[in-house]
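Dumped model_32.cif below, it's mmCIF, C-alpha atoms and all ligand atoms:
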```cif
data_coords
#
loop_
_atom_site.group_PDB
_atom_site.id
_atom_site.type_symbol
_atom_site.label_atom_id
_atom_site.label_comp_id
_atom_site.auth_asym_id
_atom_site.auth_seq_id
_atom_site.Cartn_x
_atom_site.Cartn_y
_atom_site.Cartn_z
ATOM 1 C CA MET L 1 15.094 6.758 4.820
ATOM 2 C CA ASN L 2 15.907 7.779 1.294
ATOM 3 C CA VAL L 3 13.720 10.707 0.287
ATOM 4 C CA TYR L 4 13.192 11.528 -3.371
ATOM 5 C CA VAL L 5 11.307 14.596 -4.591
ATOM 6 C CA PHE L 6 9.843 14.600 -8.101
ATOM 7 C CA ALA L 7 8.072 17.175 -10.216
ATOM 8 C CA SER L 8 4.876 15.198 -10.732
ATOM 9 C CA PRO L 9 2.962 12.077 -9.654
ATOM 10 C CA ASP L 10 3.616 10.649 -13.107
ATOM 11 C CA GLU L 11 7.387 10.907 -12.624
ATOM 12 C CA ILE L 12 6.985 9.214 -9.265
ATOM 13 C CA GLY L 13 4.952 6.492 -10.978
ATOM 14 C CA ALA L 14 7.755 5.861 -13.444
ATOM 15 C CA ALA L 15 10.454 5.733 -10.761
ATOM 16 C CA VAL L 16 8.527 3.443 -8.442
ATOM 17 C CA ALA L 17 7.394 1.170 -11.269
ATOM 18 C CA GLN L 18 11.034 0.798 -12.276
ATOM 19 C CA ARG L 19 11.821 -0.518 -8.782
ATOM 20 C CA PHE L 20 9.180 -3.202 -9.248
ATOM 21 C CA ILE L 21 10.360 -4.018 -12.759
ATOM 22 C CA ASP L 22 13.950 -4.363 -11.486
ATOM 23 C CA ASP L 23 12.772 -6.523 -8.594
ATOM 24 C CA ALA L 24 10.976 -8.856 -10.990
ATOM 25 C CA GLN L 25 14.265 -9.522 -12.783
ATOM 26 C CA GLY L 26 15.705 -11.113 -9.655
ATOM 27 C CA ARG L 27 15.138 -14.462 -8.065
ATOM 28 C CA THR L 28 11.618 -15.762 -8.616
ATOM 29 C CA PRO L 29 8.956 -15.968 -7.314
ATOM 30 C CA ARG L 30 8.744 -12.439 -5.937
ATOM 31 C CA VAL L 31 6.262 -11.363 -3.304
ATOM 32 C CA TRP L 32 4.907 -7.830 -3.524
ATOM 33 C CA GLY L 33 2.774 -5.959 -1.021
ATOM 34 C CA LEU L 34 0.405 -3.657 -2.871
ATOM 35 C CA ALA L 35 -1.643 -0.631 -1.908
ATOM 36 C CA THR L 36 -4.848 0.992 -3.107
ATOM 37 C CA GLY L 37 -5.886 4.648 -3.260
ATOM 38 C CA ALA L 38 -4.862 7.455 -5.581
ATOM 39 C CA SER L 39 -1.128 7.378 -4.804
ATOM 40 C CA PRO L 40 -0.232 4.051 -6.475
ATOM 41 C CA LEU L 41 -2.311 4.578 -9.627
ATOM 42 C CA PRO L 42 0.531 6.083 -11.727
ATOM 43 C CA VAL L 43 2.692 3.119 -10.703
ATOM 44 C CA TYR L 44 0.079 0.634 -11.877
ATOM 45 C CA CYS L 45 -0.269 2.489 -15.203
ATOM 46 C CA ARG L 46 3.480 2.163 -15.742
ATOM 47 C CA LEU L 47 3.480 -1.503 -14.784
ATOM 48 C CA ILE L 48 0.748 -2.145 -17.351
ATOM 49 C CA ASP L 49 2.840 -0.284 -19.959
ATOM 50 C CA ALA L 50 5.854 -2.420 -19.059
ATOM 51 C CA TYR L 51 3.789 -5.590 -19.397
ATOM 52 C CA GLN L 52 2.447 -4.497 -22.777
ATOM 53 C CA GLN L 53 5.983 -3.747 -23.956
ATOM 54 C CA GLY L 54 7.163 -7.202 -22.871
ATOM 55 C CA LYS L 55 9.395 -5.814 -20.111
ATOM 56 C CA LEU L 56 7.474 -7.347 -17.216
ATOM 57 C CA SER L 57 5.496 -10.503 -16.555
ATOM 58 C CA PHE L 58 3.447 -11.211 -13.451
ATOM 59 C CA ARG L 59 3.552 -14.985 -13.911
ATOM 60 C CA HIS L 60 6.034 -15.402 -11.064
ATOM 61 C CA ILE L 61 4.748 -12.588 -8.884
ATOM 62 C CA LYS L 62 2.639 -13.113 -5.788
ATOM 63 C CA THR L 63 0.852 -10.115 -4.315
ATOM 64 C CA TYR L 64 -0.703 -9.303 -0.965
ATOM 65 C CA ASN L 65 -2.869 -6.243 -0.587
ATOM 66 C CA LEU L 66 -2.413 -4.169 2.531
ATOM 67 C CA ASP L 67 -6.003 -3.967 3.612
ATOM 68 C CA GLU L 68 -9.676 -4.496 2.790
ATOM 69 C CA TYR L 69 -12.944 -3.106 4.062
ATOM 70 C CA CYS L 70 -15.030 -5.281 6.347
ATOM 71 C CA ALA L 71 -18.483 -6.416 5.269
ATOM 72 C CA LEU L 72 -17.977 -5.404 1.656
ATOM 73 C CA PRO L 73 -18.398 -8.243 -0.867
ATOM 74 C CA ARG L 74 -15.421 -8.820 -3.143
ATOM 75 C CA ASN L 75 -17.364 -7.788 -6.211
ATOM 76 C CA ASP L 76 -18.530 -4.474 -4.709
ATOM 77 C CA GLU L 77 -17.208 -1.605 -6.808
ATOM 78 C CA ASN L 78 -15.493 -0.146 -3.709
ATOM 79 C CA SER L 79 -13.725 -3.293 -2.555
ATOM 80 C CA TYR L 80 -9.969 -3.275 -2.865
ATOM 81 C CA TYR L 81 -10.248 -6.589 -4.678
ATOM 82 C CA THR L 82 -12.220 -4.774 -7.389
ATOM 83 C CA PHE L 83 -9.798 -1.821 -7.316
ATOM 84 C CA MET L 84 -6.769 -3.999 -7.971
ATOM 85 C CA HIS L 85 -8.429 -5.921 -10.780
ATOM 86 C CA ARG L 86 -9.679 -2.732 -12.411
ATOM 87 C CA HIS L 87 -6.406 -0.828 -12.147
ATOM 88 C CA LEU L 88 -3.817 -3.564 -12.627
ATOM 89 C CA PHE L 89 -4.573 -7.269 -12.566
ATOM 90 C CA ASP L 90 -7.111 -7.446 -15.396
ATOM 91 C CA ALA L 91 -4.631 -5.737 -17.719
ATOM 92 C CA VAL L 92 -1.648 -8.018 -17.051
ATOM 93 C CA ASP L 93 -0.856 -11.733 -16.839
ATOM 94 C CA MET L 94 -1.514 -11.968 -13.111
ATOM 95 C CA GLU L 95 -2.802 -15.346 -12.036
ATOM 96 C CA GLU L 96 -5.838 -15.147 -9.771
ATOM 97 C CA LYS L 97 -4.370 -17.666 -7.333
ATOM 98 C CA ASN L 98 -1.310 -15.458 -6.822
ATOM 99 C CA ALA L 99 -3.261 -12.285 -5.955
ATOM 100 C CA HIS L 100 -4.037 -12.357 -2.254
ATOM 101 C CA PHE L 101 -6.615 -10.269 -0.425
ATOM 102 C CA PHE L 102 -8.201 -10.223 2.975
ATOM 103 C CA ASN L 103 -11.707 -11.631 2.808
ATOM 104 C CA GLY L 104 -13.650 -8.747 4.346
ATOM 105 C CA THR L 105 -16.788 -10.867 4.561
ATOM 106 C CA ALA L 106 -15.141 -13.764 6.431
ATOM 107 C CA PRO L 107 -17.326 -14.963 9.338
ATOM 108 C CA ASP L 108 -14.407 -14.835 11.789
ATOM 109 C CA TRP L 109 -12.197 -11.799 11.193
ATOM 110 C CA ALA L 110 -9.508 -12.837 13.677
ATOM 111 C CA ALA L 111 -9.163 -16.204 11.927
ATOM 112 C CA GLU L 112 -9.072 -14.450 8.563
ATOM 113 C CA CYS L 113 -6.204 -12.232 9.747
ATOM 114 C CA ARG L 114 -4.285 -15.269 11.005
ATOM 115 C CA ARG L 115 -4.839 -17.016 7.668
ATOM 116 C CA TYR L 116 -3.517 -13.976 5.791
ATOM 117 C CA ASP L 117 -0.408 -13.543 7.929
ATOM 118 C CA SER L 118 0.507 -17.207 7.761
ATOM 119 C CA SER L 119 0.060 -17.215 3.991
ATOM 120 C CA ILE L 120 2.529 -14.306 3.722
ATOM 121 C CA VAL L 121 5.016 -16.140 5.931
ATOM 122 C CA GLN L 122 4.609 -19.378 3.951
ATOM 123 C CA ASP L 123 5.385 -17.451 0.771
ATOM 124 C CA GLY L 124 8.658 -16.273 2.304
ATOM 125 C CA GLY L 125 7.584 -12.771 3.358
ATOM 126 C CA ILE L 126 7.133 -9.624 1.312
ATOM 127 C CA ASP L 127 10.074 -8.554 -0.835
ATOM 128 C CA LEU L 128 8.791 -5.144 -1.872
ATOM 129 C CA GLN L 129 5.997 -3.285 -0.099
ATOM 130 C CA LEU L 130 4.240 -0.295 -1.653
ATOM 131 C CA LEU L 131 2.597 2.195 0.719
ATOM 132 C CA GLY L 132 0.641 5.420 0.639
ATOM 133 C CA ILE L 133 0.159 7.588 3.711
ATOM 134 C CA GLY L 134 -3.032 9.002 5.173
ATOM 135 C CA GLN L 135 -3.438 12.659 6.086
ATOM 136 C CA ASN L 136 -3.380 11.461 9.692
ATOM 137 C CA GLY L 137 -0.135 9.528 9.172
ATOM 138 C CA HIS L 138 -1.711 6.098 8.794
ATOM 139 C CA ILE L 139 -0.104 3.340 6.736
ATOM 140 C CA GLY L 140 -2.377 0.576 5.583
ATOM 141 C CA PHE L 141 -5.306 1.217 7.894
ATOM 142 C CA ASN L 142 -3.097 1.531 10.964
ATOM 143 C CA GLU L 143 -4.692 4.616 12.437
ATOM 144 C CA PRO L 144 -3.039 6.863 15.063
ATOM 145 C CA SER L 145 -3.260 5.100 18.409
ATOM 146 C CA ASP L 146 -1.452 4.538 21.696
ATOM 147 C CA ALA L 147 0.620 1.564 20.541
ATOM 148 C CA PHE L 148 2.032 0.154 17.316
ATOM 149 C CA SER L 149 0.121 -2.856 16.077
ATOM 150 C CA GLY L 150 1.616 -6.231 15.314
ATOM 151 C CA ASP L 151 0.087 -8.763 12.965
ATOM 152 C CA SER L 152 -2.957 -8.187 10.791
ATOM 153 C CA PHE L 153 -6.086 -7.138 12.644
ATOM 154 C CA LYS L 154 -9.528 -5.605 12.420
ATOM 155 C CA VAL L 155 -9.491 -1.845 12.865
ATOM 156 C CA GLU L 156 -12.121 0.818 13.357
ATOM 157 C CA LEU L 157 -11.490 3.520 10.781
ATOM 158 C CA SER L 158 -10.832 7.008 12.111
ATOM 159 C CA ALA L 159 -13.026 10.006 11.326
ATOM 160 C CA SER L 160 -10.188 11.444 9.200
ATOM 161 C CA THR L 161 -9.906 8.296 7.086
ATOM 162 C CA ARG L 162 -13.658 8.047 6.699
ATOM 163 C CA ARG L 163 -13.819 11.669 5.543
ATOM 164 C CA ALA L 164 -10.964 11.107 3.056
ATOM 165 C CA ASN L 165 -12.485 7.959 1.540
ATOM 166 C CA ALA L 166 -16.196 8.779 1.764
ATOM 167 C CA PRO L 167 -16.305 10.397 -1.718
ATOM 168 C CA TYR L 168 -15.607 6.948 -3.239
ATOM 169 C CA PHE L 169 -18.746 5.512 -1.668
ATOM 170 C CA THR L 170 -21.547 6.709 -3.881
ATOM 171 C CA ASN L 171 -23.634 3.498 -3.742
ATOM 172 C CA ARG L 172 -23.547 2.722 -0.020
ATOM 173 C CA PRO L 173 -22.327 4.125 3.300
ATOM 174 C CA MET L 174 -18.610 3.842 3.873
ATOM 175 C CA PRO L 175 -17.703 0.827 6.068
ATOM 176 C CA GLN L 176 -16.665 1.574 9.615
ATOM 177 C CA TYR L 177 -14.188 -1.281 9.917
ATOM 178 C CA ALA L 178 -11.376 -2.771 7.853
ATOM 179 C CA LEU L 179 -8.834 -5.594 8.007
ATOM 180 C CA THR L 180 -5.262 -4.402 7.685
ATOM 181 C CA MET L 181 -1.716 -5.645 7.897
ATOM 182 C CA GLY L 182 -0.412 -4.461 11.248
ATOM 183 C CA ILE L 183 2.708 -2.371 11.703
ATOM 184 C CA ARG L 184 4.964 -5.296 12.569
ATOM 185 C CA ARG L 185 3.742 -7.146 9.500
ATOM 186 C CA ILE L 186 4.516 -4.119 7.292
ATOM 187 C CA LEU L 187 7.961 -3.675 8.850
ATOM 188 C CA ALA L 188 8.771 -7.305 8.049
ATOM 189 C CA ALA L 189 8.903 -6.411 4.337
ATOM 190 C CA LYS L 190 12.451 -6.440 3.001
ATOM 191 C CA GLN L 191 12.043 -3.135 1.150
ATOM 192 C CA ILE L 192 9.387 -0.453 1.492
ATOM 193 C CA LEU L 193 8.445 2.220 -1.055
ATOM 194 C CA LEU L 194 6.089 4.980 0.114
ATOM 195 C CA ILE L 195 4.401 7.525 -2.145
ATOM 196 C CA ALA L 196 2.860 10.823 -1.024
ATOM 197 C CA THR L 197 1.659 13.609 -3.262
ATOM 198 C CA GLY L 198 -0.243 16.832 -2.717
ATOM 199 C CA THR L 199 -0.462 19.522 -0.058
ATOM 200 C CA ALA L 200 -2.883 17.546 2.101
ATOM 201 C CA LYS L 201 -0.085 15.041 2.855
ATOM 202 C CA ALA L 202 2.623 17.609 3.707
ATOM 203 C CA ASP L 203 2.032 17.627 7.457
ATOM 204 C CA ALA L 204 1.928 13.811 7.729
ATOM 205 C CA VAL L 205 5.065 13.552 5.567
ATOM 206 C CA GLN L 206 6.948 15.998 7.790
ATOM 207 C CA ARG L 207 5.971 14.049 10.922
ATOM 208 C CA MET L 208 6.845 10.723 9.285
ATOM 209 C CA ILE L 209 10.343 11.827 8.285
ATOM 210 C CA GLU L 210 11.354 14.445 10.859
ATOM 211 C CA GLY L 211 9.086 13.813 13.822
ATOM 212 C CA ARG L 212 9.666 11.421 16.679
ATOM 213 C CA VAL L 213 8.691 7.791 16.261
ATOM 214 C CA THR L 214 5.237 7.560 17.768
ATOM 215 C CA PRO L 215 2.101 5.474 17.181
ATOM 216 C CA GLN L 216 0.241 8.790 16.991
ATOM 217 C CA CYS L 217 1.884 9.055 13.558
ATOM 218 C CA PRO L 218 2.070 5.381 12.499
ATOM 219 C CA ALA L 219 4.214 6.124 9.418
ATOM 220 C CA SER L 220 6.974 7.488 11.687
ATOM 221 C CA VAL L 221 7.822 3.873 12.526
ATOM 222 C CA LEU L 222 9.349 3.604 9.046
ATOM 223 C CA GLN L 223 12.336 5.527 10.458
ATOM 224 C CA THR L 224 13.264 2.252 12.169
ATOM 225 C CA HIS L 225 13.383 0.209 8.941
ATOM 226 C CA ALA L 226 16.683 0.020 7.045
ATOM 227 C CA GLN L 227 15.293 -0.104 3.504
ATOM 228 C CA VAL L 228 12.684 2.621 3.037
ATOM 229 C CA SER L 229 12.415 4.933 0.040
ATOM 230 C CA VAL L 230 9.935 7.813 0.128
ATOM 231 C CA PHE L 231 8.750 9.336 -3.149
ATOM 232 C CA LEU L 232 7.267 12.829 -2.866
ATOM 233 C CA ASP L 233 6.126 15.623 -5.099
ATOM 234 C CA GLU L 234 7.073 19.199 -4.195
ATOM 235 C CA ARG L 235 3.760 19.813 -2.457
ATOM 236 C CA ALA L 236 3.997 16.812 -0.192
ATOM 237 C CA ALA L 237 7.617 17.752 0.590
ATOM 238 C CA ALA L 238 6.764 21.396 1.342
ATOM 239 C CA GLN L 239 6.971 21.172 5.135
ATOM 240 C CA LEU L 240 10.271 19.291 5.332
ATOM 241 C CA SER L 241 12.934 21.459 6.950
ATOM 242 C CA CYS L 242 15.756 19.358 5.588
ATOM 243 C CA ARG L 243 15.498 18.737 1.854
ATOM 244 C CA THR L 244 18.582 16.537 1.634
ATOM 245 C CA PRO L 245 19.096 13.885 0.557
ATOM 246 C CA THR L 246 16.842 14.790 -2.321
ATOM 247 C CA VAL L 247 17.297 12.971 -5.568
ATOM 248 C CA ARG L 248 15.660 13.496 -8.927
HETATM 249 P P1 LIG K 1 -4.388 7.977 -1.182
HETATM 250 O O1 LIG K 1 -4.532 7.230 0.214
HETATM 251 O O2 LIG K 1 -3.297 7.303 -1.930
HETATM 252 O O3 LIG K 1 -5.722 7.827 -1.819
HETATM 253 O O4 LIG K 1 -4.067 9.403 -0.866
HETATM 254 C C1 LIG K 1 -3.398 6.837 0.902
HETATM 255 C C2 LIG K 1 -3.768 6.310 2.258
HETATM 256 O O5 LIG K 1 -4.803 6.734 2.815
HETATM 257 O O6 LIG K 1 -3.035 5.470 2.792
#
```
This entry written out as structure tokens:
Amino acid sequence: MNVYVFASPDEIGAAVAQRFIDDAQGRTPRVWGLATGASPLPVYCRLIDAYQQGKLSFRHIKTYNLDEYCALPRNDENSYYTFMHRHLFDAVDMEEKNAHFFNGTAPDWAAECRRYDSSIVQDGGIDLQLLGIGQNGHIGFNEPSDAFSGDSFKVELSASTRRANAPYFTNRPMPQYALTMGIRRILAAKQILLIATGTAKADAVQRMIEGRVTPQCPASVLQTHAQVSVFLDERAAAQLSCRTPTVR
């Protein structure tokens, strides 16, 4: 893992956005795995800036979001479909057909997960995957458990995740279930960029980077992937015993 520590979330946003901008200069089309939550927001702001300055176009980009709540209509203000449109897609030249999401209201969730995974494979797999990390070490909605997951699946959200995300749900109770890319699906990405900021993430970050690889800390599995870059602020890095390699 390459670990980079920055002074602020905004600096992380600039550095991570640059990775996406550089990736978009390569062979097209590119396939990006995107994340929701607070961590990626500075990245999306920078990508919008780059688009407005003519440095980036989404016309040849396909995206797949990591996860989606079950039983939440697409147009609900808390759906990840709405999140991505509000924070990125509506401000750039992203084509609707190229922005892929789980359908959290699909009648058959297992079939929906199979559809999603095979669409990713048909598009050639994910080139660049953006991740956050939960306070409990989850990536996507892969919660701590006894075994690493494989393909996309329906998951029951943990108490920790529900506590962390409940403040967003002002209009309805927070869903209990979600559809998420599984661990094997995430590890199939060619490159992975993970962002963590703030003191609340410090323990999970330490276990991800320095702990043993265990499904009790799902993010620890990233130690087994050859192309992972972790972007931290000082607070999220506070519990790391080894601060090298640290790059600004
Ligand atoms: P956050 O969530 O970016 O809102 O902190 C990350 C996660 O739970 O995976």
Please give the centre and size of the box around ligand LIG 1 (chain K) (axis-aligned, containing every atom listed in the file, 5 Å added per side), with values in Å to one decimal and written as JSON.
```
{"center_x": -4.4, "center_y": 7.4, "center_z": 0.4, "size_x": 12.7, "size_y": 13.9, "size_z": 14.7}
```
*Which is closest to ligand LIG 1 (chain K) among L:Arg86, L:Arg114, L:His100, L:Arg162, if we use only C-alpha atoms and all ligand atoms?*
L:Arg162
*Using all atoms listed in the file, pick whichever of L:Ile186, L:Met84, L:Ala164, L:Cys70 has the shortest atom-to-atom distance to ligand LIG 1 (chain K).*
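Using all atoms listed in the file, ligand LIG 1 (chain K) sits closest to L:Ala164.
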*I need the residue set behind the PyMOL selection byres (((chain L and resi 155) around 12) and not hetatm) for this file; please write it as a VMD selection string.*
chain L and resid 67 to 70 104 109 to 110 113 138 140 to 145 149 151 to 154 156 to 158 161 175 to 182
*All residues having an atom within 10 Å of ligand LIG 1 (chain K) (only C-alpha atoms and all ligand atoms) as an MDAnalysis selection string*: chainID L and resid 35:41 66:67 131:143 160:162 164:165 194:198 200:201 219
Would you write out, as a PDB file with C-alpha atoms, in the frame of the given file, every residue that the PyMOL selection byres (((chain L and resi 43) around 9) and not hetatm) captures in this file?
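Final output, selection19.pdb:
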```
ATOM      1  CA  ASP L  10       3.616  10.649 -13.107  1.00  0.00           C
ATOM      2  CA  ILE L  12       6.985   9.214  -9.265  1.00  0.00           C
ATOM      3  CA  GLY L  13       4.952   6.492 -10.978  1.00  0.00           C
ATOM      4  CA  ALA L  14       7.755   5.861 -13.444  1.00  0.00           C
ATOM      5  CA  ALA L  15      10.454   5.733 -10.761  1.00  0.00           C
ATOM      6  CA  VAL L  16       8.527   3.443  -8.442  1.00  0.00           C
ATOM      7  CA  ALA L  17       7.394   1.170 -11.269  1.00  0.00           C
ATOM      8  CA  GLN L  18      11.034   0.798 -12.276  1.00  0.00           C
ATOM      9  CA  SER L  39      -1.128   7.378  -4.804  1.00  0.00           C
ATOM     10  CA  PRO L  40      -0.232   4.051  -6.475  1.00  0.00           C
ATOM     11  CA  LEU L  41      -2.311   4.578  -9.627  1.00  0.00           C
ATOM     12  CA  PRO L  42       0.531   6.083 -11.727  1.00  0.00           C
ATOM     13  CA  TYR L  44       0.079   0.634 -11.877  1.00  0.00           C
ATOM     14  CA  CYS L  45      -0.269   2.489 -15.203  1.00  0.00           C
ATOM     15  CA  ARG L  46       3.480   2.163 -15.742  1.00  0.00           C
ATOM     16  CA  LEU L  47       3.480  -1.503 -14.784  1.00  0.00           C
ATOM     17  CA  ILE L  48       0.748  -2.145 -17.351  1.00  0.00           C
TER      18      ILE L  48
END
```
*How many Å lie between CA of Ala50 in chain L and CA of Ile21 in chain L, rounded to one decimal?*
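The value is 7.9 Å.
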_Counting all atoms listed in the file, the option among L:Phe6, L:Tyr81, L:Trp32, L:Phe102 closest to Ile61 in chain L_ =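 Counting all atoms listed in the file, the residue closest to Ile61 in chain L is L:Trp32.
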*Compare L:Ala111, L:Leu72, L:His225, L:Val121 by their minimum atom-to-atom distance to Arg172 in chain L, counting only C-alpha atoms, and give me the closest one.*
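Closest to Arg172 in chain L of all the choices is L:Leu72.
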*Check the smallest atom-to-atom distance from each of L:Pro173, L:Pro29, L:Gly211, L:Gly150 to Gln239 in chain L using all atoms listed in the file, then report the winner.*
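Looking at the shortest contact to Gln239 in chain L, the residue is L:Gly211.
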*For Leu128 in chain L, which residue among L:Gln52, L:Thr63, L:Asn2, L:Ser241 is the nearest when counting all atoms listed in the file?*
L:Thr63
*Pairwise distance for CA of Arg185 in chain L and CA of Ile126 in chain L, rounded to one decimal in Å*: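 Spanning CA of Arg185 in chain L to CA of Ile126 in chain L is a straight-line distance of 9.2 Å.
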*Skipping near chain neighbours, those fewer than 3 positions away, what residues fall within 8 Å of Gln223 in chain L using all atoms listed in the file, listed as a PyMOL selection string?*
chain L and resi 1+208-209+213+220+226+228
Export of prior selection with C-alpha atoms as a JSON list (two decimals), in the frame of the given file:
```json
[["chain", "number", "residue", "atom", "x", "y", "z"],
["L", 1, "MET", "CA", 15.09, 6.76, 4.82],
["L", 208, "MET", "CA", 6.84, 10.72, 9.28],
["L", 209, "ILE", "CA", 10.34, 11.83, 8.28],
["L", 213, "VAL", "CA", 8.69, 7.79, 16.26],
["L", 220, "SER", "CA", 6.97, 7.49, 11.69],
["L", 226, "ALA", "CA", 16.68, 0.02, 7.04],
["L", 228, "VAL", "CA", 12.68, 2.62, 3.04]]
```
*Any idea what's packed within 6 Å of Asn65 in chain L, counting all atoms listed in the file, ignoring anything in its chain fewer than 3 positions away? Could you give it as a list of chain:residue names?*
L:Gly33, L:Leu34, L:Ala35, L:Phe101
*At what distance in Å, to one decimal, does CA of Ala188 in chain L lie from CA of Ala204 in chain L?*
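Taking CA of Ala204 in chain L and CA of Ala188 in chain L, their separation equals 22.2 Å.
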_Using all atoms listed in the file and a cutoff of 10 Å, can you tell me which residues are near (1.2, 1.6, 22.6) in the file's coordinates, and write them out as a list in words?_
Ser145, Asp146, Ala147, Phe148, Ser149, Thr214, Pro215 and Gln216 of chain L
*Could you expand the PyMOL selection byres (((chain L and resi 236) around 6) and not hetatm) into the explicit residues it covers here, written as number ranges by chain?*
L: 197-199, 201-202, 232-235, 237-238
How would the residues just chosen look if you wrote them out with C-alpha atoms as an mmCIF file, in the frame of the given file?
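The resulting file, selection_33.cif, is shown below:
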```
data_model
loop_
_atom_site.group_PDB
_atom_site.id
_atom_site.type_symbol
_atom_site.label_atom_id
_atom_site.label_comp_id
_atom_site.auth_asym_id
_atom_site.auth_seq_id
_atom_site.Cartn_x
_atom_site.Cartn_y
_atom_site.Cartn_z
ATOM 1 C CA THR L 197 1.659 13.609 -3.262
ATOM 2 C CA GLY L 198 -0.243 16.832 -2.717
ATOM 3 C CA THR L 199 -0.462 19.522 -0.058
ATOM 4 C CA LYS L 201 -0.085 15.041 2.855
ATOM 5 C CA ALA L 202 2.623 17.609 3.707
ATOM 6 C CA LEU L 232 7.267 12.829 -2.866
ATOM 7 C CA ASP L 233 6.126 15.623 -5.099
ATOM 8 C CA GLU L 234 7.073 19.199 -4.195
ATOM 9 C CA ARG L 235 3.760 19.813 -2.457
ATOM 10 C CA ALA L 237 7.617 17.752 0.590
ATOM 11 C CA ALA L 238 6.764 21.396 1.342
#
```
*Within 7 Å of (0.1, -11.9, -15.7), in the coordinates the file gives, what residues turn up when you count only C-alpha atoms, written out as number ranges by chain?*
L: 57-59, 92-95
